[in-house]
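Reproduced below: final.pdb, with PDB, C-alpha atoms and all ligand atoms.
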ATOM      1  CA  MET A   1     -31.286 161.855 113.934  1.00  0.00           C
ATOM      2  CA  LEU A   2     -33.031 160.126 116.748  1.00  0.00           C
ATOM      3  CA  ARG A   3     -32.755 161.615 120.230  1.00  0.00           C
ATOM      4  CA  ARG A   4     -30.691 158.675 121.487  1.00  0.00           C
ATOM      5  CA  GLU A   5     -28.329 159.026 118.511  1.00  0.00           C
ATOM      6  CA  PHE A   6     -27.914 162.745 119.209  1.00  0.00           C
ATOM      7  CA  ILE A   7     -27.127 162.018 122.878  1.00  0.00           C
ATOM      8  CA  ARG A   8     -24.617 159.317 121.858  1.00  0.00           C
ATOM      9  CA  CYS A   9     -23.018 161.768 119.461  1.00  0.00           C
ATOM     10  CA  LEU A  10     -22.719 164.414 122.174  1.00  0.00           C
ATOM     11  CA  GLN A  11     -21.191 161.830 124.512  1.00  0.00           C
ATOM     12  CA  ALA A  12     -18.668 160.886 121.823  1.00  0.00           C
ATOM     13  CA  VAL A  13     -17.790 164.551 121.307  1.00  0.00           C
ATOM     14  CA  ALA A  14     -17.354 165.053 125.054  1.00  0.00           C
ATOM     15  CA  ALA A  15     -15.039 162.040 125.257  1.00  0.00           C
ATOM     16  CA  ALA A  16     -13.024 162.940 122.146  1.00  0.00           C
ATOM     17  CA  PRO A  17      -9.697 164.718 122.408  1.00  0.00           C
ATOM     18  CA  THR A  18      -9.948 168.297 121.231  1.00  0.00           C
ATOM     19  CA  ILE A  19      -8.924 168.260 117.574  1.00  0.00           C
ATOM     20  CA  GLY A  20     -10.764 171.280 116.332  1.00  0.00           C
ATOM     21  CA  PRO A  21     -13.215 174.014 117.199  1.00  0.00           C
ATOM     22  CA  LEU A  22     -16.046 172.799 119.417  1.00  0.00           C
ATOM     23  CA  SER A  23     -18.589 174.226 116.996  1.00  0.00           C
ATOM     24  CA  VAL A  24     -17.253 171.916 114.272  1.00  0.00           C
ATOM     25  CA  LEU A  25     -17.437 168.911 116.567  1.00  0.00           C
ATOM     26  CA  LEU A  26     -20.939 169.765 117.740  1.00  0.00           C
ATOM     27  CA  GLY A  27     -21.934 170.448 114.150  1.00  0.00           C
ATOM     28  CA  SER A  28     -21.222 166.793 113.445  1.00  0.00           C
ATOM     29  CA  CYS A  29     -24.092 165.974 115.848  1.00  0.00           C
ATOM     30  CA  ALA A  30     -26.524 168.227 114.058  1.00  0.00           C
ATOM     31  CA  PRO A  31     -29.651 166.467 112.874  1.00  0.00           C
ATOM     32  CA  GLY A  32     -29.330 165.534 109.235  1.00  0.00           C
ATOM     33  CA  GLY A  33     -25.630 166.292 108.878  1.00  0.00           C
ATOM     34  CA  VAL A  34     -24.270 168.505 106.108  1.00  0.00           C
ATOM     35  CA  VAL A  35     -26.647 169.255 103.225  1.00  0.00           C
ATOM     36  CA  LEU A  36     -25.296 169.887  99.738  1.00  0.00           C
ATOM     37  CA  ASN A  37     -27.448 170.830  96.746  1.00  0.00           C
ATOM     38  CA  VAL A  38     -25.456 170.178  93.596  1.00  0.00           C
ATOM     39  CA  THR A  39     -25.793 169.872  89.840  1.00  0.00           C
ATOM     40  CA  ALA A  40     -24.649 166.896  87.803  1.00  0.00           C
ATOM     41  CA  THR A  41     -22.773 167.265  84.531  1.00  0.00           C
ATOM     42  CA  ASN A  42     -22.388 164.246  82.272  1.00  0.00           C
ATOM     43  CA  GLY A  43     -23.327 161.910  85.120  1.00  0.00           C
ATOM     44  CA  ARG A  44     -20.788 163.373  87.521  1.00  0.00           C
ATOM     45  CA  VAL A  45     -20.904 165.707  90.456  1.00  0.00           C
ATOM     46  CA  VAL A  46     -17.800 167.597  91.539  1.00  0.00           C
ATOM     47  CA  ILE A  47     -17.737 168.591  95.215  1.00  0.00           C
ATOM     48  CA  PRO A  48     -14.991 170.792  96.659  1.00  0.00           C
ATOM     49  CA  GLU A  49     -12.969 169.025  99.325  1.00  0.00           C
ATOM     50  CA  SER A  50     -13.859 171.817 101.757  1.00  0.00           C
ATOM     51  CA  ASP A  51     -17.548 170.817 101.532  1.00  0.00           C
ATOM     52  CA  LEU A  52     -16.835 167.222 102.532  1.00  0.00           C
ATOM     53  CA  SER A  53     -14.529 167.386 105.512  1.00  0.00           C
ATOM     54  CA  THR A  54     -13.355 163.854 106.207  1.00  0.00           C
ATOM     55  CA  GLU A  55     -12.957 164.885 109.849  1.00  0.00           C
ATOM     56  CA  SER A  56     -16.652 165.626 110.266  1.00  0.00           C
ATOM     57  CA  LEU A  57     -17.740 162.787 107.952  1.00  0.00           C
ATOM     58  CA  SER A  58     -16.076 160.260 110.239  1.00  0.00           C
ATOM     59  CA  THR A  59     -18.698 161.047 112.889  1.00  0.00           C
ATOM     60  CA  SER A  60     -21.454 162.440 110.742  1.00  0.00           C
ATOM     61  CA  TYR A  61     -22.452 162.459 107.088  1.00  0.00           C
ATOM     62  CA  ALA A  62     -23.482 164.620 104.172  1.00  0.00           C
ATOM     63  CA  ARG A  63     -26.754 164.475 102.325  1.00  0.00           C
ATOM     64  CA  VAL A  64     -26.102 165.296  98.682  1.00  0.00           C
ATOM     65  CA  TYR A  65     -29.151 166.338  96.658  1.00  0.00           C
ATOM     66  CA  ILE A  66     -28.506 166.227  92.931  1.00  0.00           C
ATOM     67  CA  ASP A  67     -30.438 168.346  90.431  1.00  0.00           C
ATOM     68  CA  GLU A  68     -33.120 169.225  92.991  1.00  0.00           C
ATOM     69  CA  SER A  69     -33.902 165.581  93.720  1.00  0.00           C
ATOM     70  CA  ARG A  70     -35.900 165.001  96.895  1.00  0.00           C
ATOM     71  CA  ASN A  71     -33.836 161.902  97.661  1.00  0.00           C
ATOM     72  CA  PRO A  72     -30.324 162.305  99.002  1.00  0.00           C
ATOM     73  CA  ILE A  73     -27.173 160.370  98.411  1.00  0.00           C
ATOM     74  CA  TYR A  74     -25.564 159.827 101.806  1.00  0.00           C
ATOM     75  CA  VAL A  75     -21.810 160.420 101.864  1.00  0.00           C
ATOM     76  CA  PHE A  76     -19.703 159.416 104.845  1.00  0.00           C
ATOM     77  CA  THR A  77     -16.498 157.630 105.751  1.00  0.00           C
ATOM     78  CA  ASN A  78     -16.661 154.000 106.827  1.00  0.00           C
ATOM     79  CA  ALA A  79     -14.717 152.314 109.634  1.00  0.00           C
ATOM     80  CA  ASN A  80     -11.718 151.936 107.303  1.00  0.00           C
ATOM     81  CA  GLY A  81     -11.714 155.651 106.528  1.00  0.00           C
ATOM     82  CA  ALA A  82     -12.931 155.136 102.961  1.00  0.00           C
ATOM     83  CA  MET A  83     -15.465 157.549 101.502  1.00  0.00           C
ATOM     84  CA  VAL A  84     -18.837 155.879 100.840  1.00  0.00           C
ATOM     85  CA  ALA A  85     -21.789 157.189  98.808  1.00  0.00           C
ATOM     86  CA  LEU A  86     -25.108 155.354  99.145  1.00  0.00           C
ATOM     87  CA  SER A  87     -28.510 156.133  97.726  1.00  0.00           C
ATOM     88  CA  GLY A  88     -31.113 157.260 100.236  1.00  0.00           C
ATOM     89  CA  ILE A  89     -33.823 155.424  98.305  1.00  0.00           C
ATOM     90  CA  CYS A  90     -35.088 152.255  99.945  1.00  0.00           C
ATOM     91  CA  SER A  91     -34.858 149.295  97.588  1.00  0.00           C
ATOM     92  CA  HIS A  92     -38.237 148.000  98.753  1.00  0.00           C
ATOM     93  CA  ARG A  93     -40.660 150.623  97.471  1.00  0.00           C
ATOM     94  CA  GLY A  94     -38.656 153.789  97.200  1.00  0.00           C
ATOM     95  CA  CYS A  95     -39.138 155.667 100.464  1.00  0.00           C
ATOM     96  CA  THR A  96     -36.266 157.809 101.710  1.00  0.00           C
ATOM     97  CA  VAL A  97     -34.208 156.005 104.333  1.00  0.00           C
ATOM     98  CA  LYS A  98     -32.832 157.724 107.423  1.00  0.00           C
ATOM     99  CA  LYS A  99     -29.167 157.575 108.364  1.00  0.00           C
ATOM    100  CA  LEU A 100     -28.411 156.163 111.782  1.00  0.00           C
ATOM    101  CA  ARG A 101     -25.031 155.869 113.454  1.00  0.00           C
ATOM    102  CA  ASP A 102     -24.719 152.188 112.494  1.00  0.00           C
ATOM    103  CA  GLY A 103     -26.756 152.055 109.310  1.00  0.00           C
ATOM    104  CA  PHE A 104     -30.015 153.154 107.773  1.00  0.00           C
ATOM    105  CA  GLU A 105     -33.687 152.571 108.465  1.00  0.00           C
ATOM    106  CA  CYS A 106     -36.730 153.024 106.308  1.00  0.00           C
ATOM    107  CA  PRO A 107     -39.692 154.702 107.997  1.00  0.00           C
ATOM    108  CA  CYS A 108     -42.224 153.147 105.610  1.00  0.00           C
ATOM    109  CA  HIS A 109     -42.047 149.406 106.290  1.00  0.00           C
ATOM    110  CA  GLY A 110     -39.109 149.047 108.652  1.00  0.00           C
ATOM    111  CA  SER A 111     -36.290 147.806 106.440  1.00  0.00           C
ATOM    112  CA  GLU A 112     -32.841 148.287 107.910  1.00  0.00           C
ATOM    113  CA  TYR A 113     -29.481 148.437 106.165  1.00  0.00           C
ATOM    114  CA  ASP A 114     -25.928 148.354 107.468  1.00  0.00           C
ATOM    115  CA  LEU A 115     -23.298 151.000 106.661  1.00  0.00           C
ATOM    116  CA  ASP A 116     -22.381 149.102 103.493  1.00  0.00           C
ATOM    117  CA  GLY A 117     -26.000 149.376 102.373  1.00  0.00           C
ATOM    118  CA  LYS A 118     -26.643 145.640 102.816  1.00  0.00           C
ATOM    119  CA  VAL A 119     -30.079 144.603 104.058  1.00  0.00           C
ATOM    120  CA  ARG A 120     -30.151 143.751 107.766  1.00  0.00           C
ATOM    121  CA  THR A 121     -33.914 143.529 108.114  1.00  0.00           C
ATOM    122  CA  GLY A 122     -36.558 143.276 105.381  1.00  0.00           C
ATOM    123  CA  PRO A 123     -38.927 143.538 103.699  1.00  0.00           C
ATOM    124  CA  ALA A 124     -36.286 145.046 101.387  1.00  0.00           C
ATOM    125  CA  LEU A 125     -34.366 142.340  99.554  1.00  0.00           C
ATOM    126  CA  ASN A 126     -31.720 144.402  97.774  1.00  0.00           C
ATOM    127  CA  PRO A 127     -28.979 146.686  99.089  1.00  0.00           C
ATOM    128  CA  LEU A 128     -28.950 150.458  98.839  1.00  0.00           C
ATOM    129  CA  LYS A 129     -27.403 151.542  95.566  1.00  0.00           C
ATOM    130  CA  ALA A 130     -23.748 152.462  95.959  1.00  0.00           C
ATOM    131  CA  TYR A 131     -22.068 155.176  93.903  1.00  0.00           C
ATOM    132  CA  GLU A 132     -18.407 155.661  93.146  1.00  0.00           C
ATOM    133  CA  ILE A 133     -16.829 158.637  94.877  1.00  0.00           C
ATOM    134  CA  LYS A 134     -13.148 159.427  94.677  1.00  0.00           C
ATOM    135  CA  ALA A 135     -10.771 162.227  95.517  1.00  0.00           C
ATOM    136  CA  VAL A 136      -9.292 164.043  92.532  1.00  0.00           C
ATOM    137  CA  GLY A 137      -6.984 166.851  93.567  1.00  0.00           C
ATOM    138  CA  ASN A 138      -8.871 169.163  95.914  1.00  0.00           C
ATOM    139  CA  GLU A 139     -12.271 167.805  94.913  1.00  0.00           C
ATOM    140  CA  TYR A 140     -14.416 164.729  95.184  1.00  0.00           C
ATOM    141  CA  VAL A 141     -15.993 163.309  92.063  1.00  0.00           C
ATOM    142  CA  LEU A 142     -19.250 161.455  92.580  1.00  0.00           C
ATOM    143  CA  SER A 143     -20.279 159.309  89.611  1.00  0.00           C
ATOM    144  CA  ILE A 144     -24.027 158.800  89.319  1.00  0.00           C
ATOM    145  CA  ILE A 145     -24.031 156.896  86.026  1.00  0.00           C
ATOM    146  CA  ASP A 146     -25.847 153.576  86.377  1.00  0.00           C
TER     147      ASP A 146
HETATM  148  S1  LIG B   1     -40.235 151.353 101.198  1.00  0.00           S
HETATM  149 FE1  LIG B   1     -38.652 150.987 102.645  1.00  0.00          FE
HETATM  150  S2  LIG B   1     -39.285 149.216 103.707  1.00  0.00           S
HETATM  151 FE2  LIG B   1     -40.839 149.545 102.246  1.00  0.00          FE
END

Reformat the file's structure so that it appears as structure tokens.
Ligand code: FES
Amino acid sequence: MLRREFIRCLQAVAAAPTIGPLSVLLGSCAPGGVVLNVTATNGRVVIPESDLSTESLSTSYARVYIDESRNPIYVFTNANGAMVALSGICSHRGCTVKKLRDGFECPCHGSEYDLDGKVRTGPALNPLKAYEIKAVGNEYVLSIID
């Protein structure tokens, strides 16, 4: 998280009505968000609902690392409150993109993506890969089958 993003996040927390413990709210400003290391089975990852709080994901995000991959899948809620899972691999040449408040940027050659993963600025030509994630009971199921 860039310094200006962290400051904006703190300002948003300060302006927000108190809806939970301050530590939870401030935790949503933590650099890098929540980190989950998980294992896939048959192309699916099951994540307990408690690990992906929609309250904190509305202002922050989770980085889900599957099977010890070095590249995360970013999970967050969009403006409509829907859960989104996007690959952290830049479609240009495969660097790991960074999550910003309003999208993603690639540190290698400067590509930028919006929160839907669509290219805002090249050289990347293709969007970030999107994965299906849905709530099933008290869990989220992330499908990583191509
Ligand atoms: S690898 Fe991301 S812009 Fe080139």

Test item: residues no farther than 7 Å from ligand LIG 1 (chain B), counting only C-alpha atoms and all ligand atoms, as a list in words:
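Every residue with an atom at most 7 Å from ligand LIG 1 (chain B) is listed here: Cys90, Ser91, His92, Arg93, Gly94, Cys95, Val97, Cys106, Pro107, Cys108, His109, Gly110, Ser111, Gly122, Pro123 and Ala124 of chain A.
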
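Of the residues under consideration (A:Thr41, A:Pro127, A:Glu132, A:Lys118), A:Thr41 shows the shortest atom-to-atom contact distance to Ile66 (chain A) when counting all atoms listed in the file.
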
Rank A:Ile47, A:Ile145, A:Leu125, A:Leu86 by their smallest atom-to-atom distance to Lys98 (chain A), using only C-alpha atoms, and report the top residue only.
A:Leu86

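Residue neighbourhood of Thr39 (chain A), excluding near-sequence residues (fewer than 2 positions): Leu36, Asn37, Thr41, Gly43, Arg44, Val45, Val46, Ile47, Val64, Tyr65, Ile66, Asp67, Glu68 and Ser69 of chain A, at 10 Å, using only C-alpha atoms.
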
Report, in Å with one decimal, the straight-line distance from CA of Tyr131 (chain A) to CA of Val84 (chain A).
7.7 Å

What does the distance from CA of Leu115 (chain A) to CA of Pro72 (chain A) come to in Å, to one decimal?
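We find that CA of Leu115 (chain A) and CA of Pro72 (chain A) lie 15.4 Å from each other.
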
How far is it from CA of Arg101 (chain A) to CA of Phe76 (chain A), in Å with one decimal?
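Value for the CA of Arg101 (chain A)-CA of Phe76 (chain A) distance: 10.7 Å.
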